[in-house]
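Asks: Dropping in coords-v2.cif, with mmCIF, C-alpha atoms (C1' of nucleotides) and all ligand atoms.
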data_coords
loop_
_atom_site.label_atom_id
_atom_site.label_comp_id
_atom_site.auth_asym_id
_atom_site.auth_seq_id
_atom_site.Cartn_x
_atom_site.Cartn_y
_atom_site.Cartn_z
CA MET A 1 75.49 105.64 73.44
CA ASP A 2 72.19 107.40 73.77
CA HIS A 3 72.28 106.46 77.42
CA LEU A 4 75.81 107.77 77.80
CA GLU A 5 74.73 111.31 77.05
CA LYS A 6 75.17 113.61 79.98
CA ARG A 7 71.58 114.75 79.64
CA ALA A 8 69.46 111.69 79.07
CA LYS A 9 65.76 112.21 79.54
CA ARG A 10 64.52 111.49 83.04
CA TRP A 11 62.16 108.60 83.53
CA SER A 12 58.88 109.32 85.25
CA LEU A 13 57.68 107.05 88.03
CA GLU A 14 55.01 105.85 85.64
CA GLU A 15 57.60 104.86 83.07
CA VAL A 16 59.60 103.04 85.74
CA ARG A 17 56.48 101.19 86.85
CA GLU A 18 55.75 100.12 83.29
CA TYR A 19 59.34 99.01 82.76
CA LEU A 20 59.41 96.89 85.91
CA LEU A 21 56.10 95.25 85.05
CA GLN A 22 57.28 94.54 81.52
CA HIS A 23 60.22 92.70 83.05
CA ASP A 24 58.11 90.57 85.30
CA ILE A 25 58.91 92.50 88.46
CA ARG A 26 56.17 93.23 90.94
CA ILE A 27 55.83 96.79 92.10
CA SER A 28 56.71 98.12 95.50
CA ALA A 29 57.60 101.57 96.73
CA TYR A 30 61.20 100.51 97.29
CA ARG A 31 61.59 98.93 93.89
CA LEU A 32 60.24 101.99 92.16
CA LYS A 33 62.51 104.29 94.13
CA ILE A 34 65.62 102.19 93.64
CA PHE A 35 65.20 101.72 89.92
CA GLU A 36 64.22 105.33 89.42
CA TYR A 37 67.39 106.37 91.20
CA LEU A 38 69.55 104.07 89.08
CA ILE A 39 68.01 105.07 85.76
CA ASN A 40 67.84 108.80 86.42
CA GLU A 41 71.10 109.43 88.23
CA ARG A 42 73.37 106.89 86.54
CA THR A 43 76.23 107.40 88.98
CA HIS A 44 76.99 103.70 89.39
CA PRO A 45 76.20 103.68 93.10
CA THR A 46 77.08 100.92 95.51
CA ALA A 47 74.35 99.17 97.49
CA GLU A 48 75.40 101.19 100.50
CA GLU A 49 75.06 104.45 98.59
CA ILE A 50 71.62 103.46 97.32
CA TYR A 51 70.58 102.57 100.85
CA GLU A 52 71.65 105.97 102.15
CA VAL A 53 69.85 107.83 99.38
CA ILE A 54 66.56 105.95 99.58
CA LYS A 55 66.57 106.24 103.36
CA ARG A 56 66.15 109.99 103.08
CA ASP A 57 62.68 109.51 101.62
CA LEU A 58 61.80 106.13 103.12
CA PRO A 59 63.63 105.89 106.43
CA ALA A 60 62.28 102.43 107.28
CA ILE A 61 64.19 100.75 104.49
CA SER A 62 66.70 98.10 105.45
CA PRO A 63 69.98 97.28 103.70
CA ALA A 64 68.64 93.77 103.09
CA THR A 65 65.92 95.23 100.90
CA VAL A 66 68.46 97.08 98.81
CA TYR A 67 70.51 93.91 98.32
CA ASN A 68 67.42 91.84 97.61
CA THR A 69 66.15 94.36 95.11
CA LEU A 70 69.47 94.70 93.32
CA ARG A 71 69.80 90.94 93.12
CA LEU A 72 66.31 90.77 91.63
CA PHE A 73 67.15 93.49 89.11
CA LEU A 74 70.27 91.56 88.12
CA GLU A 75 68.32 88.33 87.69
CA LYS A 76 65.74 90.09 85.57
CA LYS A 77 68.59 91.71 83.66
CA ILE A 78 67.46 95.29 84.02
CA VAL A 79 70.69 96.33 85.73
CA GLN A 80 74.28 95.25 85.32
CA LEU A 81 76.93 94.80 87.96
CA VAL A 82 80.00 97.00 87.54
CA SER A 83 83.03 95.95 89.54
CA VAL A 84 86.04 98.05 88.77
CA GLU A 85 87.30 97.31 92.26
CA LYS A 86 86.99 93.70 93.31
CA ASN A 87 85.57 94.53 96.71
CA GLU A 88 82.84 96.95 95.70
CA GLY A 89 79.80 96.18 93.59
CA ARG A 90 78.25 99.04 91.67
CA TYR A 91 75.00 98.99 89.78
CA ASP A 92 74.17 100.39 86.37
CA ALA A 93 70.77 100.55 84.69
CA THR A 94 72.42 101.43 81.39
CA LEU A 95 72.63 98.16 79.51
CA SER A 96 74.19 99.22 76.23
CA TRP A 97 77.79 98.12 75.68
CA HIS A 98 80.13 100.62 77.27
CA GLY A 99 83.16 100.67 79.52
CA HIS A 100 83.87 102.24 82.89
CA LEU A 101 86.63 104.30 84.38
CA LYS A 102 86.97 104.77 88.11
CA CYS A 103 88.86 107.80 89.30
CA LEU A 104 91.08 106.66 92.13
CA ALA A 105 91.06 110.12 93.67
CA CYS A 106 87.37 111.05 93.83
CA GLY A 107 85.88 107.56 93.41
CA LYS A 108 83.55 108.60 90.59
CA VAL A 109 82.83 106.00 87.92
CA PHE A 110 82.66 107.39 84.38
CA ASP A 111 81.06 105.81 81.33
CA LEU A 112 83.29 105.20 78.32
CA HIS A 113 82.15 104.96 74.76
CA ILE A 114 83.92 102.07 73.06
CA GLU A 115 84.60 102.86 69.44
CA THR A 116 86.12 99.54 68.43
CA LEU A 117 87.15 96.37 70.17
CA LYS A 118 88.68 93.51 68.19
CA LEU A 119 89.63 90.28 69.90
CA ASP A 120 91.58 87.28 68.69
CA GLY A 121 91.12 83.64 69.46
CA LEU A 122 87.46 83.63 70.37
CA GLU A 123 86.49 81.10 67.73
CA GLY A 124 84.36 78.44 69.32
CA PHE A 125 83.66 80.43 72.46
CA GLU A 126 80.23 81.63 73.49
CA ILE A 127 80.24 85.09 75.07
CA PHE A 128 77.62 86.21 77.58
CA GLU A 129 79.18 89.29 79.20
CA LYS A 130 81.90 91.79 78.39
CA HIS A 131 83.31 94.24 80.89
CA LEU A 132 85.91 96.90 80.26
CA ASN A 133 87.13 98.58 83.43
CA LEU A 134 89.80 101.23 83.73
CA LYS A 135 91.36 102.87 86.75
CA GLY A 136 92.91 106.28 86.68
CA LEU A 137 92.37 109.92 87.46
CA CYS A 138 89.68 112.20 86.12
CA PRO A 139 90.48 115.64 84.65
CA GLU A 140 88.92 117.37 87.63
CA CYS A 141 91.14 115.55 90.11
CA LEU A 142 94.20 115.97 87.92
CA LYS A 143 93.62 119.72 88.05
CA THR A 144 92.49 120.40 91.59
CA LYS A 145 94.65 117.88 93.39
CA ASN A 146 97.54 118.37 90.97
CA PHE A 147 98.68 114.78 90.68
CA LYS A 148 101.71 114.13 88.54
CA ARG A 149 101.03 112.63 85.11
CA GLU A 150 103.08 109.48 84.81
CA GLY A 151 100.91 106.55 83.76
CA LYS A 152 101.92 104.42 80.82
CA HIS A 153 98.71 103.54 79.06
CA GLY A 154 97.39 105.84 76.38
CA MET B 1 101.53 88.27 73.17
CA ASP B 2 104.68 86.27 73.56
CA HIS B 3 103.42 85.41 77.00
CA LEU B 4 100.06 84.38 75.64
CA GLU B 5 101.60 81.56 73.63
CA LYS B 6 100.45 78.18 74.81
CA ARG B 7 104.06 77.00 75.07
CA ALA B 8 106.01 79.80 76.68
CA LYS B 9 109.45 78.86 77.93
CA ARG B 10 109.51 77.73 81.57
CA TRP B 11 111.38 79.83 84.07
CA SER B 12 114.04 78.11 86.12
CA LEU B 13 114.17 78.67 89.85
CA GLU B 14 117.33 80.66 89.28
CA GLU B 15 115.55 82.94 86.83
CA VAL B 16 112.72 83.43 89.30
CA ARG B 17 115.20 84.25 92.05
CA GLU B 18 116.86 86.85 89.83
CA TYR B 19 113.54 88.36 88.84
CA LEU B 20 112.38 88.72 92.44
CA LEU B 21 115.66 90.27 93.52
CA GLN B 22 115.53 92.69 90.59
CA HIS B 23 112.13 93.79 91.84
CA ASP B 24 113.32 94.41 95.37
CA ILE B 25 111.74 91.29 96.80
CA ARG B 26 113.69 89.22 99.30
CA ILE B 27 113.91 85.53 98.63
CA SER B 28 112.13 82.80 100.54
CA ALA B 29 111.20 79.27 99.64
CA TYR B 30 107.51 80.23 99.55
CA ARG B 31 108.07 83.28 97.38
CA LEU B 32 110.11 81.32 94.90
CA LYS B 33 107.54 78.55 94.75
CA ILE B 34 104.57 80.87 94.42
CA PHE B 35 106.03 83.02 91.70
CA GLU B 36 107.42 80.02 89.86
CA TYR B 37 103.94 78.54 89.89
CA LEU B 38 102.33 81.71 88.60
CA ILE B 39 104.86 82.32 85.83
CA ASN B 40 105.12 78.71 84.65
CA GLU B 41 101.53 77.57 84.88
CA ARG B 42 99.68 80.78 84.02
CA THR B 43 96.28 79.37 84.92
CA HIS B 44 95.15 82.50 86.83
CA PRO B 45 94.77 80.66 90.12
CA THR B 46 92.99 81.98 93.19
CA ALA B 47 94.86 82.36 96.48
CA GLU B 48 93.12 79.23 97.68
CA GLU B 49 94.29 77.25 94.64
CA ILE B 50 97.85 78.47 95.09
CA TYR B 51 97.72 77.48 98.75
CA GLU B 52 96.59 73.95 97.88
CA VAL B 53 99.28 73.52 95.24
CA ILE B 54 102.20 74.83 97.28
CA LYS B 55 101.07 72.75 100.26
CA ARG B 56 101.87 69.56 98.36
CA ASP B 57 105.56 70.41 98.44
CA LEU B 58 105.69 72.59 101.54
CA PRO B 59 102.92 71.36 103.85
CA ALA B 60 103.68 73.87 106.60
CA ILE B 61 102.52 76.85 104.54
CA SER B 62 99.62 78.90 105.83
CA PRO B 63 96.98 80.68 103.79
CA ALA B 64 98.15 83.96 105.34
CA THR B 65 101.52 83.50 103.68
CA VAL B 66 99.89 83.09 100.30
CA TYR B 67 97.84 86.25 100.79
CA ASN B 68 100.85 88.15 102.14
CA THR B 69 102.99 87.05 99.24
CA LEU B 70 100.40 87.89 96.62
CA ARG B 71 99.85 91.30 98.17
CA LEU B 72 103.60 91.88 98.04
CA PHE B 73 103.76 90.77 94.40
CA LEU B 74 100.95 93.18 93.57
CA GLU B 75 102.69 96.06 95.34
CA LYS B 76 105.92 95.32 93.52
CA LYS B 77 103.90 95.07 90.33
CA ILE B 78 105.14 91.65 89.25
CA VAL B 79 101.63 90.18 89.19
CA GLN B 80 98.26 91.61 88.30
CA LEU B 81 94.92 90.94 89.89
CA VAL B 82 92.30 89.46 87.59
CA SER B 83 88.74 89.67 88.83
CA VAL B 84 86.26 88.41 86.31
CA GLU B 85 83.96 87.45 89.16
CA LYS B 86 83.66 90.09 91.84
CA ASN B 87 84.05 87.64 94.69
CA GLU B 88 87.14 85.79 93.52
CA GLY B 89 90.60 87.25 93.04
CA ARG B 90 92.89 85.55 90.55
CA TYR B 91 96.54 86.26 89.98
CA ASP B 92 98.47 86.61 86.75
CA ALA B 93 102.22 86.98 86.30
CA THR B 94 101.70 87.93 82.66
CA LEU B 95 101.79 91.71 82.62
CA SER B 96 101.38 92.45 78.93
CA TRP B 97 98.06 93.97 77.91
CA HIS B 98 95.52 91.21 77.33
CA GLY B 99 91.98 90.32 78.26
CA HIS B 100 90.42 87.41 80.09
CA LEU B 101 87.52 85.10 79.53
CA LYS B 102 86.13 82.93 82.28
CA CYS B 103 84.20 79.86 81.25
CA LEU B 104 81.15 79.67 83.44
CA ALA B 105 81.00 75.88 83.08
CA CYS B 106 84.54 74.73 83.88
CA GLY B 107 85.79 77.85 85.63
CA LYS B 108 88.93 78.12 83.52
CA VAL B 109 90.22 81.62 82.76
CA PHE B 110 91.55 82.08 79.23
CA ASP B 111 93.85 84.81 77.94
CA LEU B 112 92.59 86.94 75.10
CA HIS B 113 94.71 88.77 72.60
CA ILE B 114 93.30 92.24 72.05
CA GLU B 115 93.79 93.33 68.47
CA THR B 116 92.40 96.83 68.76
CA LEU B 117 90.64 98.87 71.39
CA LYS B 118 89.56 102.43 70.67
CA LEU B 119 87.89 104.52 73.33
CA ASP B 120 86.19 107.88 73.19
CA GLY B 121 86.14 110.67 75.69
CA LEU B 122 89.33 109.94 77.55
CA GLU B 123 90.87 113.35 76.86
CA GLY B 124 92.18 114.74 80.09
CA PHE B 125 92.07 111.44 81.94
CA GLU B 126 95.13 109.64 83.25
CA ILE B 127 94.90 105.84 82.91
CA PHE B 128 96.71 103.45 85.22
CA GLU B 129 94.99 100.12 84.61
CA LYS B 130 92.83 98.54 81.94
CA HIS B 131 90.93 95.31 82.43
CA LEU B 132 88.85 93.48 79.86
CA ASN B 133 86.87 90.60 81.31
CA LEU B 134 84.46 88.34 79.49
CA LYS B 135 82.20 85.59 80.73
CA GLY B 136 81.00 82.75 78.59
CA LEU B 137 81.60 79.14 77.66
CA CYS B 138 84.74 77.58 76.26
CA PRO B 139 84.68 75.33 73.15
CA GLU B 140 85.41 72.26 75.27
CA CYS B 141 82.42 72.85 77.52
CA LEU B 142 80.19 73.76 74.59
CA LYS B 143 80.98 70.38 73.09
CA THR B 144 81.09 68.01 76.02
CA LYS B 145 78.31 69.52 78.09
CA ASN B 146 76.32 70.47 74.99
CA PHE B 147 75.02 73.81 76.10
CA LYS B 148 72.76 75.62 73.69
CA ARG B 149 74.33 78.52 71.83
CA GLU B 150 72.23 81.59 72.43
CA GLY B 151 74.40 84.52 73.60
CA LYS B 152 74.09 87.83 71.86
CA HIS B 153 77.60 89.24 71.80
CA GLY B 154 79.93 88.36 68.96
"C1'" DA C 1 129.76 81.60 116.27
"C1'" DT C 2 127.07 85.24 119.08
"C1'" DA C 3 124.33 88.89 119.51
"C1'" DC C 4 121.37 91.92 117.44
"C1'" DT C 5 118.15 93.53 114.05
"C1'" DA C 6 114.96 93.14 110.46
"C1'" DT C 7 111.88 90.46 108.03
"C1'" DA C 8 108.85 86.42 107.11
"C1'" DT C 9 105.59 83.28 108.70
"C1'" DT C 10 101.94 81.50 111.48
"C1'" DA C 11 97.65 81.27 114.06
"C1'" DT C 12 93.97 83.76 115.03
"C1'" DA C 13 90.73 87.46 115.26
"C1'" DA C 14 88.57 91.01 112.78
"C1'" DT C 15 86.56 93.18 108.78
"C1'" DC C 16 83.69 93.89 104.75
"C1'" DG C 17 80.39 93.11 101.41
"C1'" DT C 18 76.99 90.12 100.67
"C1'" DT C 19 73.68 86.14 101.29
"C1'" DA C 20 70.65 83.15 104.11
"C1'" DT C 21 67.10 82.64 107.53
"C1'" DT C 22 62.96 83.52 109.37
"C1'" DA C 23 59.22 86.03 111.25
"C1'" DA C 24 56.23 89.97 110.42
"C1'" DA C 25 54.07 93.01 107.09
"C1'" DT C 26 52.06 93.63 102.71
"C1'" DT C 27 49.80 92.39 98.50
"C1'" DA C 28 47.27 89.39 95.41
"C1'" DT C 29 43.70 86.07 94.69
"C1'" DA C 30 39.62 83.24 95.71
"C1'" DT D 1 36.67 88.39 103.94
"C1'" DA D 2 39.84 84.29 104.11
"C1'" DT D 3 43.78 82.47 102.21
"C1'" DA D 4 47.90 82.15 99.80
"C1'" DA D 5 51.94 84.31 97.93
"C1'" DT D 6 55.32 87.76 98.11
"C1'" DT D 7 58.02 91.42 100.20
"C1'" DT D 8 60.44 93.33 103.89
"C1'" DA D 9 63.35 93.72 108.13
"C1'" DA D 10 66.27 92.06 111.68
"C1'" DT D 11 69.71 89.16 112.38
"C1'" DA D 12 72.91 85.49 111.76
"C1'" DA D 13 76.02 83.41 108.71
"C1'" DC D 14 79.31 83.40 105.05
"C1'" DG D 15 83.66 83.73 102.21
"C1'" DA D 16 87.46 86.22 100.87
"C1'" DT D 17 90.71 89.02 102.60
"C1'" DT D 18 93.27 91.89 106.04
"C1'" DA D 19 95.03 93.02 110.67
"C1'" DT D 20 97.31 91.62 114.89
"C1'" DA D 21 100.64 89.75 117.55
"C1'" DA D 22 103.73 86.12 118.69
"C1'" DT D 23 107.31 83.04 116.90
"C1'" DA D 24 110.65 81.61 113.54
"C1'" DT D 25 113.96 82.73 110.22
"C1'" DA D 26 117.43 85.35 107.81
"C1'" DG D 27 120.86 89.17 107.49
"C1'" DT D 28 124.42 91.81 109.55
"C1'" DA D 29 127.95 93.25 112.74
"C1'" DT D 30 131.05 92.07 116.28
MN MN E 1 77.81 102.77 83.05
MN MN E 2 96.15 86.41 81.81
ZN ZN E 3 88.31 112.26 90.17
ZN ZN E 4 84.78 75.49 79.95
#
Could you render the structure as structure tokens?
Ligand SMILES: [Mn+2]
Ligand SMILES: [Mn+2]
Ligand SMILES: [Zn+2]
Ligand SMILES: [Zn+2]
Replies:
Amino acid sequence: MDHLEKRAKRWSLEEVREYLLQHDIRISAYRLKIFEYLINERTHPTAEEIYEVIKRDLPAISPATVYNTLRLFLEKKIVQLVSVEKNEGRYDATLSWHGHLKCLACGKVFDLHIETLKLDGLEGFEIFEKHLNLKGLCPECLKTKNFKREGKHG
Amino acid sequence: MDHLEKRAKRWSLEEVREYLLQHDIRISAYRLKIFEYLINERTHPTAEEIYEVIKRDLPAISPATVYNTLRLFLEKKIVQLVSVEKNEGRYDATLSWHGHLKCLACGKVFDLHIETLKLDGLEGFEIFEKHLNLKGLCPECLKTKNFKREGKHG
DNA sequence: ATACTATATTATAATCGTTATTAAATTATA
DNA sequence: TATAATTTAATAACGATTATAATATAGTAT
């Protein structure tokens, strides 16, 4: 929940470098940039969005590098894949247990603090990953685009 | 949770026909078969799996029909899309609120009864969909394929 | 039943996000 | 250096799904 604060402390490039090395990831300019973006912005970007952002500073980057890097980060378990929509992968450097809500109007993905979750019938199972994904409308969009409130879930 | 019982009552073709008509869906042999399969088997099949199963009885069916039909069922809200893995869509005619666990060894998708879920910070949001997806190993696979138990989550 | 209309189905091409391939560039090591 | 290992970029390939367009089927009116 520390990481879910709106104002988490920014990581310096040096801290990112240390973190990557600690996780057995060799350093490159792209890797530093990509992880620094994920950890400091925390907007759950898609690979495409990351590509566009990094390209501003390092125009020679290719989409393949973004995909390669994200796959590496997933393997090394320093990012998690968030897929609220089946067709779009989003990446999150926040690893603590939390849920996600995607606003169907603006596309933003919000972090959710999960107070309690109790499940039945998991005796004998081994759990590796848990994902809680909601779809809805954010307060901003509900106001400005005045959608009607009519969903069922609380 | 009625629907999560291992032995839910089977729907007759006549009941399926009624249900489709009630939901503004015109009847066809394929639609009856596909929904009957989803509601009576409840194995969360992929489109591909549905195609293979229906083909046994109706060999002329095309994959496009399965996709068309599933898309229609989603629009009419008589099935829900389950996507534990980002790249594979699975379909579920059980609409009551429950979670899913995919066994990474055998691929089976299990229903989970959710006892309680409390979320923070949803004031002002409008929620349309909630999905809880776990990945892990089922008791069967833990036994027969003797994986080591080492996951962190409870 | 016939004609007419609307819908369902099929085959196929197209799309989209991602992965695989491979050669060139970069970095690490001897 | 030389040499080996890794990273990157361009491109092709892939798998799931959607779009297109032609044909088949079903519904309705005469
Ligand atoms: Mn997050
Ligand atoms: Mn289910
Ligand atoms: Zn919004
Ligand atoms: Zn299993």
Asks: As an mmCIF file with C-alpha atoms (C1' of nucleotides), keeping the file's coordinate frame, please: the residues near range 4-12 of chain D (cut-off 12 Å, only C-alpha atoms (C1' of nucleotides), same-chain neighbours under 2 positions excluded).
Replies:
data_model
loop_
_atom_site.group_PDB
_atom_site.id
_atom_site.type_symbol
_atom_site.label_atom_id
_atom_site.label_comp_id
_atom_site.auth_asym_id
_atom_site.auth_seq_id
_atom_site.Cartn_x
_atom_site.Cartn_y
_atom_site.Cartn_z
ATOM 1 C CA ILE A 25 58.910 92.500 88.460
ATOM 2 C CA ARG A 26 56.170 93.230 90.940
ATOM 3 C CA ILE A 27 55.830 96.790 92.100
ATOM 4 C CA SER A 28 56.710 98.120 95.500
ATOM 5 C CA ALA A 29 57.600 101.570 96.730
ATOM 6 C CA TYR A 30 61.200 100.510 97.290
ATOM 7 C CA ARG A 31 61.590 98.930 93.890
ATOM 8 C CA ALA A 60 62.280 102.430 107.280
ATOM 9 C CA ILE A 61 64.190 100.750 104.490
ATOM 10 C CA SER A 62 66.700 98.100 105.450
ATOM 11 C CA PRO A 63 69.980 97.280 103.700
ATOM 12 C CA ALA A 64 68.640 93.770 103.090
ATOM 13 C CA THR A 65 65.920 95.230 100.900
ATOM 14 C CA VAL A 66 68.460 97.080 98.810
ATOM 15 C CA TYR A 67 70.510 93.910 98.320
ATOM 16 C CA ASN A 68 67.420 91.840 97.610
ATOM 17 C CA THR A 69 66.150 94.360 95.110
ATOM 18 C CA LEU A 72 66.310 90.770 91.630
ATOM 19 C "C1'" DT C 19 73.680 86.140 101.290
ATOM 20 C "C1'" DA C 20 70.650 83.150 104.110
ATOM 21 C "C1'" DT C 21 67.100 82.640 107.530
ATOM 22 C "C1'" DT C 22 62.960 83.520 109.370
ATOM 23 C "C1'" DA C 23 59.220 86.030 111.250
ATOM 24 C "C1'" DA C 24 56.230 89.970 110.420
ATOM 25 C "C1'" DA C 25 54.070 93.010 107.090
ATOM 26 C "C1'" DT C 26 52.060 93.630 102.710
ATOM 27 C "C1'" DT C 27 49.800 92.390 98.500
ATOM 28 C "C1'" DA C 28 47.270 89.390 95.410
ATOM 29 C "C1'" DT C 29 43.700 86.070 94.690
ATOM 30 C "C1'" DA C 30 39.620 83.240 95.710
ATOM 31 C "C1'" DA D 2 39.840 84.290 104.110
ATOM 32 C "C1'" DC D 14 79.310 83.400 105.050
#
Asks: Counting all atoms listed in the file, find residues at most 12 Å from (116.0, 87.8, 108.4) (file frame) and give them as a JSON list (two decimals) with C-alpha atoms (C1' of nucleotides), in the coordinates of the input.
Replies:
[["chain", "number", "residue", "atom", "x", "y", "z"],
["B", 26, "ARG", "CA", 113.69, 89.22, 99.30],
["B", 27, "ILE", "CA", 113.91, 85.53, 98.63],
["B", 28, "SER", "CA", 112.13, 82.80, 100.54],
["C", 4, "DC", "C1'", 121.37, 91.92, 117.44],
["C", 5, "DT", "C1'", 118.15, 93.53, 114.05],
["C", 6, "DA", "C1'", 114.96, 93.14, 110.46],
["C", 7, "DT", "C1'", 111.88, 90.46, 108.03],
["C", 8, "DA", "C1'", 108.85, 86.42, 107.11],
["C", 9, "DT", "C1'", 105.59, 83.28, 108.70],
["D", 24, "DA", "C1'", 110.65, 81.61, 113.54],
["D", 25, "DT", "C1'", 113.96, 82.73, 110.22],
["D", 26, "DA", "C1'", 117.43, 85.35, 107.81],
["D", 27, "DG", "C1'", 120.86, 89.17, 107.49],
["D", 28, "DT", "C1'", 124.42, 91.81, 109.55]]
Asks: Go ahead and compute the interatomic distance for CA of Ala47 in chain B and CA of Ile127 in chain A, in Å to one decimal.
Replies: 26.1 Å
Asks: Return as a PyMOL selection string the residues of protein, DNA or RNA that approach ligand ZN 3 (chain E) to within 12 Å, with all atoms listed in the file taken into account.
Replies: (chain A and resi 101-110+135-147) or (chain B and resi 124-127)
Asks: Might you pull out every residue within 12 Å of range 35-38 of chain B, with all atoms listed in the file counted and same-chain residues fewer than 6 positions away left off, and present them as a ChimeraX atom specification?
Replies: /B:10-20,25,27-29,44-47,49-54,57,66,69-70,72-74,78-81,90-95
Asks: To one decimal place, how far is C1' of DA16 in chain D from CA of Glu48 in chain A in Å?
Replies: 19.2 Å
Asks: Give me, please, the distance in Å between CA of Ile114 in chain A and CA of Gly99 in chain A, quoted to one decimal.
Replies: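 Interatomic distance here is 6.7 Å.
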Asks: Select residues of chain B: the criterion is any atom within 7 Å of an atom of chain A, counting all atoms listed in the file; output as a ChimeraX atom specification.
Replies: /B:83,86-87,112-121,124-139,149,151-154
